[in-house]
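Colleague: Have a peek at data37.txt (compact mmCIF, N, CA, C and O atoms).
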# COMPACT_ATOMS: atom_id res chain seq x y z
N MET G 28 8.48 -20.71 21.59
CA MET G 28 7.64 -19.87 22.41
C MET G 28 6.25 -20.49 22.51
O MET G 28 5.60 -20.70 21.50
N ASN G 29 5.80 -20.79 23.69
CA ASN G 29 4.52 -21.47 23.87
C ASN G 29 3.41 -20.53 24.31
O ASN G 29 2.25 -20.83 24.14
N LYS G 30 3.76 -19.43 24.92
CA LYS G 30 2.79 -18.52 25.50
C LYS G 30 2.13 -17.66 24.43
O LYS G 30 2.77 -17.22 23.49
N THR G 31 0.84 -17.44 24.60
CA THR G 31 0.14 -16.53 23.71
C THR G 31 0.43 -15.10 24.14
O THR G 31 0.36 -14.77 25.32
N ILE G 32 0.77 -14.27 23.19
CA ILE G 32 1.07 -12.87 23.47
C ILE G 32 -0.23 -12.07 23.40
O ILE G 32 -1.04 -12.28 22.50
N SER G 33 -0.41 -11.17 24.35
CA SER G 33 -1.61 -10.34 24.37
C SER G 33 -1.23 -8.86 24.36
O SER G 33 -0.08 -8.50 24.60
N ASN G 34 -2.23 -8.02 24.11
CA ASN G 34 -2.02 -6.57 24.07
C ASN G 34 -1.54 -6.02 25.41
O ASN G 34 -1.00 -4.92 25.46
N ARG G 35 -1.75 -6.75 26.48
CA ARG G 35 -1.35 -6.28 27.82
C ARG G 35 0.13 -6.55 28.11
O ARG G 35 0.68 -5.98 29.04
N ASP G 36 0.75 -7.42 27.34
CA ASP G 36 2.15 -7.75 27.57
C ASP G 36 3.06 -6.57 27.25
O ASP G 36 2.71 -5.69 26.46
N VAL G 37 4.22 -6.56 27.89
CA VAL G 37 5.21 -5.52 27.68
C VAL G 37 6.37 -6.14 26.91
O VAL G 37 6.83 -7.23 27.23
N VAL G 38 6.84 -5.44 25.88
CA VAL G 38 7.89 -5.96 25.03
C VAL G 38 9.04 -4.96 24.91
O VAL G 38 8.84 -3.75 25.07
N CYS G 39 10.23 -5.47 24.66
CA CYS G 39 11.39 -4.61 24.39
C CYS G 39 12.44 -5.41 23.62
O CYS G 39 12.42 -6.63 23.61
N GLN G 40 13.33 -4.68 22.95
CA GLN G 40 14.40 -5.30 22.18
C GLN G 40 15.36 -6.06 23.09
O GLN G 40 15.59 -5.65 24.22
N LEU G 41 15.89 -7.14 22.56
CA LEU G 41 17.03 -7.78 23.19
C LEU G 41 18.28 -7.21 22.54
O LEU G 41 18.21 -6.61 21.45
N GLU G 42 19.43 -7.41 23.16
CA GLU G 42 20.68 -6.87 22.63
C GLU G 42 21.27 -7.82 21.59
O GLU G 42 20.72 -8.86 21.29
N ASP G 43 22.42 -7.43 21.06
CA ASP G 43 23.18 -8.24 20.09
C ASP G 43 22.57 -8.23 18.70
O ASP G 43 22.51 -9.27 18.03
N HIS G 44 22.10 -7.05 18.25
CA HIS G 44 21.61 -6.90 16.89
C HIS G 44 22.32 -5.72 16.25
O HIS G 44 22.58 -4.71 16.90
N ILE G 45 22.60 -5.84 14.98
CA ILE G 45 23.12 -4.72 14.20
C ILE G 45 21.99 -4.30 13.27
O ILE G 45 21.49 -5.10 12.48
N VAL G 46 21.56 -3.04 13.40
CA VAL G 46 20.42 -2.53 12.64
C VAL G 46 20.89 -1.37 11.77
O VAL G 46 21.66 -0.52 12.22
N SER G 47 20.40 -1.34 10.53
CA SER G 47 20.77 -0.28 9.61
C SER G 47 19.56 0.14 8.79
O SER G 47 18.67 -0.67 8.53
N ASP G 48 19.52 1.42 8.41
CA ASP G 48 18.49 1.91 7.49
C ASP G 48 18.97 1.72 6.07
O ASP G 48 20.08 2.12 5.73
N MET G 49 18.13 1.12 5.25
CA MET G 49 18.46 0.92 3.83
C MET G 49 17.25 1.36 3.02
O MET G 49 16.23 0.67 2.99
N ALA G 50 17.38 2.52 2.41
CA ALA G 50 16.31 3.06 1.54
C ALA G 50 14.97 3.13 2.27
O ALA G 50 13.93 2.76 1.74
N GLY G 51 14.99 3.62 3.52
CA GLY G 51 13.75 3.80 4.28
C GLY G 51 13.25 2.57 5.01
O GLY G 51 12.24 2.63 5.69
N GLU G 52 13.93 1.45 4.86
CA GLU G 52 13.55 0.23 5.57
C GLU G 52 14.66 -0.18 6.51
O GLU G 52 15.83 0.06 6.23
N LYS G 53 14.30 -0.79 7.62
CA LYS G 53 15.30 -1.26 8.57
C LYS G 53 15.65 -2.71 8.24
O LYS G 53 14.78 -3.53 7.99
N VAL G 54 16.95 -2.97 8.25
CA VAL G 54 17.44 -4.34 8.13
C VAL G 54 18.27 -4.63 9.37
O VAL G 54 18.87 -3.73 9.96
N MET G 55 18.26 -5.88 9.79
CA MET G 55 18.91 -6.23 11.04
C MET G 55 19.65 -7.55 10.89
O MET G 55 19.18 -8.47 10.22
N LEU G 56 20.79 -7.62 11.55
CA LEU G 56 21.53 -8.87 11.68
C LEU G 56 21.51 -9.24 13.15
O LEU G 56 21.91 -8.44 14.01
N SER G 57 21.01 -10.43 13.43
CA SER G 57 21.04 -10.95 14.80
C SER G 57 22.38 -11.63 15.02
O SER G 57 22.68 -12.62 14.33
N MET G 58 23.16 -11.12 15.93
CA MET G 58 24.45 -11.74 16.24
C MET G 58 24.24 -13.08 16.95
O MET G 58 25.07 -13.96 16.85
N LYS G 59 23.12 -13.22 17.62
CA LYS G 59 22.84 -14.45 18.36
C LYS G 59 22.59 -15.63 17.43
O LYS G 59 23.13 -16.70 17.63
N ASN G 60 21.76 -15.41 16.40
CA ASN G 60 21.43 -16.54 15.53
C ASN G 60 22.01 -16.43 14.12
O ASN G 60 21.81 -17.32 13.30
N GLY G 61 22.70 -15.32 13.82
CA GLY G 61 23.36 -15.16 12.54
C GLY G 61 22.42 -14.93 11.37
O GLY G 61 22.82 -15.07 10.22
N LYS G 62 21.18 -14.57 11.63
CA LYS G 62 20.20 -14.35 10.57
C LYS G 62 20.03 -12.86 10.28
O LYS G 62 20.14 -12.03 11.17
N TYR G 63 19.72 -12.58 9.02
CA TYR G 63 19.35 -11.23 8.59
C TYR G 63 17.84 -11.12 8.55
O TYR G 63 17.15 -12.09 8.20
N TYR G 64 17.33 -9.93 8.88
CA TYR G 64 15.89 -9.66 8.84
C TYR G 64 15.67 -8.33 8.14
O TYR G 64 16.37 -7.37 8.41
N ASN G 65 14.68 -8.28 7.26
CA ASN G 65 14.23 -7.01 6.70
C ASN G 65 12.95 -6.66 7.43
O ASN G 65 11.91 -7.31 7.25
N LEU G 66 13.02 -5.65 8.30
CA LEU G 66 11.87 -5.28 9.11
C LEU G 66 10.87 -4.43 8.33
O LEU G 66 9.75 -4.24 8.78
N GLY G 67 11.30 -3.88 7.19
CA GLY G 67 10.42 -3.01 6.42
C GLY G 67 10.33 -1.64 7.05
O GLY G 67 10.99 -1.34 8.05
N GLU G 68 9.49 -0.81 6.48
CA GLU G 68 9.35 0.56 6.97
C GLU G 68 8.61 0.61 8.31
O GLU G 68 9.12 1.12 9.30
N ILE G 69 7.41 0.05 8.37
CA ILE G 69 6.62 0.09 9.61
C ILE G 69 7.23 -0.82 10.66
O ILE G 69 7.27 -0.48 11.85
N GLY G 70 7.76 -1.96 10.24
CA GLY G 70 8.46 -2.83 11.19
C GLY G 70 9.63 -2.11 11.83
O GLY G 70 9.92 -2.29 13.01
N GLY G 71 10.30 -1.28 11.05
CA GLY G 71 11.40 -0.47 11.58
C GLY G 71 10.93 0.54 12.59
O GLY G 71 11.59 0.78 13.61
N VAL G 72 9.77 1.13 12.33
CA VAL G 72 9.18 2.09 13.30
C VAL G 72 8.87 1.35 14.60
O VAL G 72 9.19 1.82 15.69
N ILE G 73 8.25 0.18 14.46
CA ILE G 73 7.92 -0.61 15.66
C ILE G 73 9.21 -0.99 16.39
O ILE G 73 9.28 -0.87 17.62
N TRP G 74 10.23 -1.42 15.67
CA TRP G 74 11.50 -1.79 16.29
C TRP G 74 12.06 -0.63 17.11
O TRP G 74 12.54 -0.82 18.23
N ASP G 75 11.99 0.57 16.56
CA ASP G 75 12.48 1.74 17.29
C ASP G 75 11.70 1.96 18.59
O ASP G 75 12.27 2.31 19.62
N TYR G 76 10.38 1.75 18.55
CA TYR G 76 9.57 1.89 19.76
C TYR G 76 9.94 0.86 20.82
O TYR G 76 9.72 1.07 22.01
N LEU G 77 10.52 -0.26 20.40
CA LEU G 77 10.85 -1.34 21.33
C LEU G 77 12.20 -1.14 22.01
O LEU G 77 12.63 -2.00 22.77
N LYS G 78 12.85 -0.01 21.76
CA LYS G 78 14.12 0.27 22.44
C LYS G 78 13.93 0.32 23.95
O LYS G 78 14.79 -0.10 24.71
N GLU G 79 12.78 0.83 24.37
CA GLU G 79 12.40 0.86 25.78
C GLU G 79 11.18 -0.03 25.96
O GLU G 79 10.37 -0.16 25.03
N PRO G 80 11.03 -0.65 27.12
CA PRO G 80 9.85 -1.50 27.34
C PRO G 80 8.55 -0.72 27.08
O PRO G 80 8.42 0.43 27.50
N ILE G 81 7.64 -1.35 26.36
CA ILE G 81 6.36 -0.72 26.03
C ILE G 81 5.27 -1.78 26.01
O ILE G 81 5.50 -2.90 25.53
N ALA G 82 4.11 -1.44 26.54
CA ALA G 82 2.96 -2.34 26.46
C ALA G 82 2.50 -2.40 25.00
O ALA G 82 2.50 -1.39 24.29
N ILE G 83 2.14 -3.58 24.55
CA ILE G 83 1.74 -3.75 23.17
C ILE G 83 0.55 -2.84 22.85
O ILE G 83 0.50 -2.23 21.77
N GLN G 84 -0.39 -2.70 23.77
CA GLN G 84 -1.54 -1.82 23.51
C GLN G 84 -1.10 -0.37 23.33
O GLN G 84 -1.63 0.34 22.48
N ASP G 85 -0.12 0.08 24.10
CA ASP G 85 0.40 1.44 23.93
C ASP G 85 1.05 1.60 22.56
O ASP G 85 0.92 2.64 21.92
N LEU G 86 1.75 0.58 22.12
CA LEU G 86 2.36 0.59 20.79
C LEU G 86 1.28 0.69 19.71
O LEU G 86 1.38 1.50 18.79
N ILE G 87 0.24 -0.10 19.85
CA ILE G 87 -0.87 -0.06 18.89
C ILE G 87 -1.52 1.32 18.88
O ILE G 87 -1.79 1.89 17.82
N ASP G 88 -1.75 1.88 20.07
CA ASP G 88 -2.36 3.21 20.16
C ASP G 88 -1.52 4.26 19.44
O ASP G 88 -2.05 5.13 18.75
N ARG G 89 -0.21 4.20 19.60
CA ARG G 89 0.69 5.14 18.91
C ARG G 89 0.58 5.01 17.41
O ARG G 89 0.50 6.00 16.67
N LEU G 90 0.59 3.77 16.93
CA LEU G 90 0.53 3.53 15.48
C LEU G 90 -0.80 3.99 14.89
O LEU G 90 -0.84 4.57 13.81
N VAL G 91 -1.89 3.76 15.62
CA VAL G 91 -3.22 4.19 15.15
C VAL G 91 -3.27 5.71 15.05
O VAL G 91 -3.84 6.26 14.10
N ARG G 92 -2.64 6.40 16.01
CA ARG G 92 -2.61 7.88 15.96
C ARG G 92 -1.74 8.39 14.82
O ARG G 92 -2.06 9.41 14.21
N GLU G 93 -0.65 7.70 14.52
CA GLU G 93 0.31 8.19 13.54
C GLU G 93 -0.02 7.79 12.10
O GLU G 93 0.41 8.47 11.17
N TYR G 94 -0.75 6.69 11.92
CA TYR G 94 -1.01 6.18 10.58
C TYR G 94 -2.51 6.02 10.38
O TYR G 94 -3.26 5.86 11.33
N ASP G 95 -2.93 6.04 9.14
CA ASP G 95 -4.34 5.87 8.80
C ASP G 95 -4.67 4.39 8.78
O ASP G 95 -4.63 3.74 7.73
N VAL G 96 -4.93 3.85 9.97
CA VAL G 96 -5.19 2.42 10.10
C VAL G 96 -6.24 2.19 11.19
O VAL G 96 -6.29 2.91 12.18
N GLU G 97 -7.11 1.22 10.94
CA GLU G 97 -8.12 0.84 11.93
C GLU G 97 -7.45 0.11 13.08
O GLU G 97 -6.50 -0.65 12.87
N GLU G 98 -7.95 0.31 14.29
CA GLU G 98 -7.31 -0.28 15.47
C GLU G 98 -7.25 -1.81 15.40
O GLU G 98 -6.22 -2.40 15.72
N GLN G 99 -8.33 -2.45 14.97
CA GLN G 99 -8.33 -3.92 14.95
C GLN G 99 -7.32 -4.46 13.94
O GLN G 99 -6.59 -5.40 14.23
N ALA G 100 -7.26 -3.84 12.78
CA ALA G 100 -6.29 -4.28 11.77
C ALA G 100 -4.87 -4.05 12.27
O ALA G 100 -4.00 -4.92 12.11
N CYS G 101 -4.64 -2.92 12.91
CA CYS G 101 -3.33 -2.62 13.47
C CYS G 101 -2.97 -3.63 14.55
O CYS G 101 -1.86 -4.16 14.56
N SER G 102 -3.91 -3.91 15.43
CA SER G 102 -3.68 -4.86 16.52
C SER G 102 -3.31 -6.23 15.97
O SER G 102 -2.34 -6.86 16.42
N ASP G 103 -4.06 -6.69 14.97
CA ASP G 103 -3.79 -8.01 14.38
C ASP G 103 -2.38 -8.07 13.80
O ASP G 103 -1.64 -9.03 14.03
N GLN G 104 -2.01 -7.04 13.03
CA GLN G 104 -0.71 -7.01 12.38
C GLN G 104 0.44 -6.88 13.39
O GLN G 104 1.47 -7.53 13.26
N VAL G 105 0.24 -6.02 14.39
CA VAL G 105 1.29 -5.82 15.40
C VAL G 105 1.51 -7.10 16.19
O VAL G 105 2.65 -7.52 16.41
N LEU G 106 0.44 -7.76 16.60
CA LEU G 106 0.58 -9.00 17.37
C LEU G 106 1.29 -10.07 16.53
O LEU G 106 2.16 -10.78 17.04
N GLN G 107 0.96 -10.16 15.26
CA GLN G 107 1.63 -11.12 14.38
C GLN G 107 3.12 -10.80 14.27
O GLN G 107 3.97 -11.70 14.35
N PHE G 108 3.46 -9.52 14.11
CA PHE G 108 4.86 -9.10 14.00
C PHE G 108 5.60 -9.37 15.31
O PHE G 108 6.71 -9.91 15.31
N ILE G 109 4.99 -9.03 16.44
CA ILE G 109 5.60 -9.25 17.76
C ILE G 109 5.83 -10.74 18.00
O ILE G 109 6.88 -11.15 18.50
N GLU G 110 4.84 -11.57 17.63
CA GLU G 110 5.00 -13.01 17.80
C GLU G 110 6.17 -13.54 16.97
O GLU G 110 6.93 -14.39 17.43
N HIS G 111 6.34 -13.01 15.76
CA HIS G 111 7.47 -13.42 14.91
C HIS G 111 8.79 -13.02 15.56
O HIS G 111 9.72 -13.84 15.64
N LEU G 112 8.88 -11.77 16.04
CA LEU G 112 10.10 -11.31 16.71
C LEU G 112 10.40 -12.17 17.93
O LEU G 112 11.56 -12.51 18.20
N ALA G 113 9.37 -12.53 18.68
CA ALA G 113 9.56 -13.35 19.88
C ALA G 113 10.04 -14.75 19.51
O ALA G 113 10.94 -15.29 20.15
N ARG G 114 9.45 -15.35 18.47
CA ARG G 114 9.88 -16.70 18.02
C ARG G 114 11.35 -16.68 17.61
O ARG G 114 12.07 -17.66 17.82
N GLU G 115 11.77 -15.59 17.01
CA GLU G 115 13.17 -15.47 16.56
C GLU G 115 14.10 -15.03 17.69
O GLU G 115 15.30 -14.85 17.48
N GLU G 116 13.55 -14.84 18.89
CA GLU G 116 14.30 -14.43 20.09
C GLU G 116 15.00 -13.09 19.89
O GLU G 116 16.14 -12.90 20.28
N LEU G 117 14.28 -12.16 19.26
CA LEU G 117 14.81 -10.82 19.02
C LEU G 117 14.31 -9.82 20.06
O LEU G 117 14.86 -8.73 20.20
N ILE G 118 13.24 -10.20 20.76
CA ILE G 118 12.64 -9.32 21.78
C ILE G 118 12.35 -10.10 23.06
O ILE G 118 12.31 -11.33 23.05
N LYS G 119 12.13 -9.35 24.10
CA LYS G 119 11.73 -9.91 25.41
C LYS G 119 10.26 -9.57 25.60
O LYS G 119 9.83 -8.44 25.36
N VAL G 120 9.47 -10.56 26.02
CA VAL G 120 8.05 -10.38 26.28
C VAL G 120 7.78 -10.66 27.74
O VAL G 120 8.15 -11.72 28.24
N GLU G 121 7.18 -9.69 28.41
CA GLU G 121 6.82 -9.86 29.83
C GLU G 121 5.33 -9.76 30.00
O GLU G 121 4.72 -8.77 29.55
N SER G 122 4.72 -10.75 30.62
CA SER G 122 3.29 -10.71 30.92
C SER G 122 3.05 -9.76 32.09
O SER G 122 3.86 -9.68 33.01
N THR G 123 1.93 -9.05 32.00
CA THR G 123 1.59 -8.13 33.10
C THR G 123 0.41 -8.65 33.87
O THR G 123 -0.25 -9.56 33.48
Could you render the structure as structure tokens?

Modeller:
Amino acid sequence: MNKTISNRDVVCQLEDHIVSDMAGEKVMLSMKNGKYYNLGEIGGVIWDYLKEPIAIQDLIDRLVREYDVEEQACSDQVLQFIEHLAREELIKVEST
């Protein structure tokens, strides 16, 4: 992935993943690349939000409202997580 992801981009899950809850954390198997991922608790929440296309800024706004987190810290962490998912080809990123 060469493109820089921004808060204005829209993201959503790609298909071909098996996801399960394990003790409050989401774990996933990518059928495409055969890798397992532990998304963690908040990563699992984010993954659920990505079922439908969502602007990254809207995702950040939701998380800031739901959790006790500063917007800039949330934005930094979400962008890092989204970039990782994109590198692993687990999500689709569309520039707006």

Colleague: Hey, what's within 8 Å of stretch 101-112 of chain G if we count all atoms listed in the file and toss same-chain stuff fewer than 2 positions away? As a CSV table (one decimal) with N, CA, C and O atoms, in the coordinates of the input, please?

Modeller:
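The resulting file, around-v7.csv, is shown below:
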chain,number,residue,atom,x,y,z
G,28,MET,N,8.5,-20.7,21.6
G,28,MET,CA,7.6,-19.9,22.4
G,28,MET,C,6.2,-20.5,22.5
G,28,MET,O,5.6,-20.7,21.5
G,30,LYS,N,3.8,-19.4,24.9
G,30,LYS,CA,2.8,-18.5,25.5
G,30,LYS,C,2.1,-17.7,24.4
G,30,LYS,O,2.8,-17.2,23.5
G,32,ILE,N,0.8,-14.3,23.2
G,32,ILE,CA,1.1,-12.9,23.5
G,32,ILE,C,-0.2,-12.1,23.4
G,32,ILE,O,-1.0,-12.3,22.5
G,33,SER,N,-0.4,-11.2,24.4
G,33,SER,CA,-1.6,-10.3,24.4
G,33,SER,C,-1.2,-8.9,24.4
G,33,SER,O,-0.1,-8.5,24.6
G,34,ASN,N,-2.2,-8.0,24.1
G,34,ASN,CA,-2.0,-6.6,24.1
G,34,ASN,C,-1.5,-6.0,25.4
G,34,ASN,O,-1.0,-4.9,25.5
G,70,GLY,N,7.8,-2.0,10.2
G,70,GLY,CA,8.5,-2.8,11.2
G,70,GLY,C,9.6,-2.1,11.8
G,70,GLY,O,9.9,-2.3,13.0
G,83,ILE,N,2.1,-3.6,24.6
G,83,ILE,CA,1.7,-3.8,23.2
G,83,ILE,C,0.6,-2.8,22.8
G,83,ILE,O,0.5,-2.2,21.8
G,84,GLN,N,-0.4,-2.7,23.8
G,84,GLN,CA,-1.5,-1.8,23.5
G,84,GLN,C,-1.1,-0.4,23.3
G,84,GLN,O,-1.6,0.3,22.5
G,86,LEU,N,1.8,0.6,22.1
G,86,LEU,CA,2.4,0.6,20.8
G,86,LEU,C,1.3,0.7,19.7
G,86,LEU,O,1.4,1.5,18.8
G,87,ILE,N,0.2,-0.1,19.8
G,87,ILE,CA,-0.9,-0.1,18.9
G,87,ILE,C,-1.5,1.3,18.9
G,87,ILE,O,-1.8,1.9,17.8
G,88,ASP,N,-1.8,1.9,20.1
G,88,ASP,CA,-2.4,3.2,20.2
G,88,ASP,C,-1.5,4.3,19.4
G,88,ASP,O,-2.0,5.1,18.8
G,90,LEU,N,0.6,3.8,16.9
G,90,LEU,CA,0.5,3.5,15.5
G,90,LEU,C,-0.8,4.0,14.9
G,90,LEU,O,-0.8,4.6,13.8
G,91,VAL,N,-1.9,3.8,15.6
G,91,VAL,CA,-3.2,4.2,15.2
G,91,VAL,C,-3.3,5.7,15.0
G,91,VAL,O,-3.8,6.3,14.1
G,96,VAL,N,-4.9,3.8,10.0
G,96,VAL,CA,-5.2,2.4,10.1
G,96,VAL,C,-6.2,2.2,11.2
G,96,VAL,O,-6.3,2.9,12.2
G,97,GLU,N,-7.1,1.2,10.9
G,97,GLU,CA,-8.1,0.8,11.9
G,97,GLU,C,-7.4,0.1,13.1
G,97,GLU,O,-6.5,-0.6,12.9
G,98,GLU,N,-8.0,0.3,14.3
G,98,GLU,CA,-7.3,-0.3,15.5
G,98,GLU,C,-7.2,-1.8,15.4
G,98,GLU,O,-6.2,-2.4,15.7
G,99,GLN,N,-8.3,-2.4,15.0
G,99,GLN,CA,-8.3,-3.9,15.0
G,99,GLN,C,-7.3,-4.5,13.9
G,99,GLN,O,-6.6,-5.4,14.2
G,114,ARG,N,9.4,-15.4,18.5
G,114,ARG,CA,9.9,-16.7,18.0
G,114,ARG,C,11.4,-16.7,17.6
G,114,ARG,O,12.1,-17.7,17.8
G,115,GLU,N,11.8,-15.6,17.0
G,115,GLU,CA,13.2,-15.5,16.6
G,115,GLU,C,14.1,-15.0,17.7
G,115,GLU,O,15.3,-14.8,17.5
G,116,GLU,N,13.6,-14.8,18.9
G,116,GLU,CA,14.3,-14.4,20.1
G,116,GLU,C,15.0,-13.1,19.9
G,116,GLU,O,16.1,-12.9,20.3
G,117,LEU,N,14.3,-12.2,19.3
G,117,LEU,CA,14.8,-10.8,19.0
G,117,LEU,C,14.3,-9.8,20.1
G,117,LEU,O,14.9,-8.7,20.2
G,118,ILE,N,13.2,-10.2,20.8
G,118,ILE,CA,12.6,-9.3,21.8
G,118,ILE,C,12.4,-10.1,23.1
G,118,ILE,O,12.3,-11.3,23.0
G,119,LYS,N,12.1,-9.4,24.1
G,119,LYS,CA,11.7,-9.9,25.4
G,119,LYS,C,10.3,-9.6,25.6
G,119,LYS,O,9.8,-8.4,25.4
G,120,VAL,N,9.5,-10.6,26.0
G,120,VAL,CA,8.0,-10.4,26.3
G,120,VAL,C,7.8,-10.7,27.7
G,120,VAL,O,8.2,-11.7,28.2

Colleague: Figure out the distance between atom C of G:Ala113 and atom C of G:Leu66, please, to one decimal in Å.

Modeller: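 Those two atoms sit 15.2 Å apart.
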
Colleague: DSSP on the backbone, strand (DSSP E or B) only: what residues of chain G does that give? Format it as a list in words.

Modeller: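 Filtering chain G down to strand (DSSP E or B) leaves Val37, Val38, Cys39, Gln40, His44, Ile45, Val46, Ser47, Asp48, Met49, Glu52, Lys53, Val54, Met55, Leu56, Ser57, Tyr63, Tyr64, Asn65, Leu66, Ile81, Ala82, Ile118, Lys119, Val120 and Glu121 of chain G.
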
Colleague: How would you write as JSON, numbers by chain the residues that get within 5 Å of (7.2, -5.4, 26.5) in the file's frame, counting all atoms listed in the file?

Modeller: {"G": [36, 37, 38, 39, 80, 81, 119, 121]}

Colleague: Counting only C-alpha atoms, which of G:Ser122, G:Asn65, G:Ser57, G:Thr31 gets nearest to G:Asp43?

Modeller: G:Ser57

Colleague: Considering all atoms listed in the file, can you say which of G:Tyr76, G:Tyr94, G:Arg35, G:Ile45 comes closest to G:Tyr63?

Modeller: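 The closest residue to G:Tyr63 is G:Ile45.
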
Colleague: Between atom CA of G:Glu68 and atom CA of G:Glu93, what is the distance in Å, rounded to a tenth?

Modeller: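 Straight-line distance from atom CA of G:Glu68 to atom CA of G:Glu93 works out to 13.5 Å.
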
Colleague: Quick one: DSSP helix (DSSP H, G or I) residues in stretch 28-111 of chain G, as a PyMOL selection string?

Modeller: chain G and resi 67-76+83-93+98-111

Colleague: As an exercise, work out the distance from atom CA of G:Gly67 to atom N of G:Val46 in Å and give it to one decimal place.

Modeller: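 It comes out at 13.1 Å.
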
Colleague: So that I can see what lies close to G:His44, please list as an MDAnalysis selection string the residues with an atom at most 7 Å from it, counting only N, CA, C and O atoms and leaving out residues fewer than 6 positions away in the same chain.

Modeller: chainID G and resid 55:59
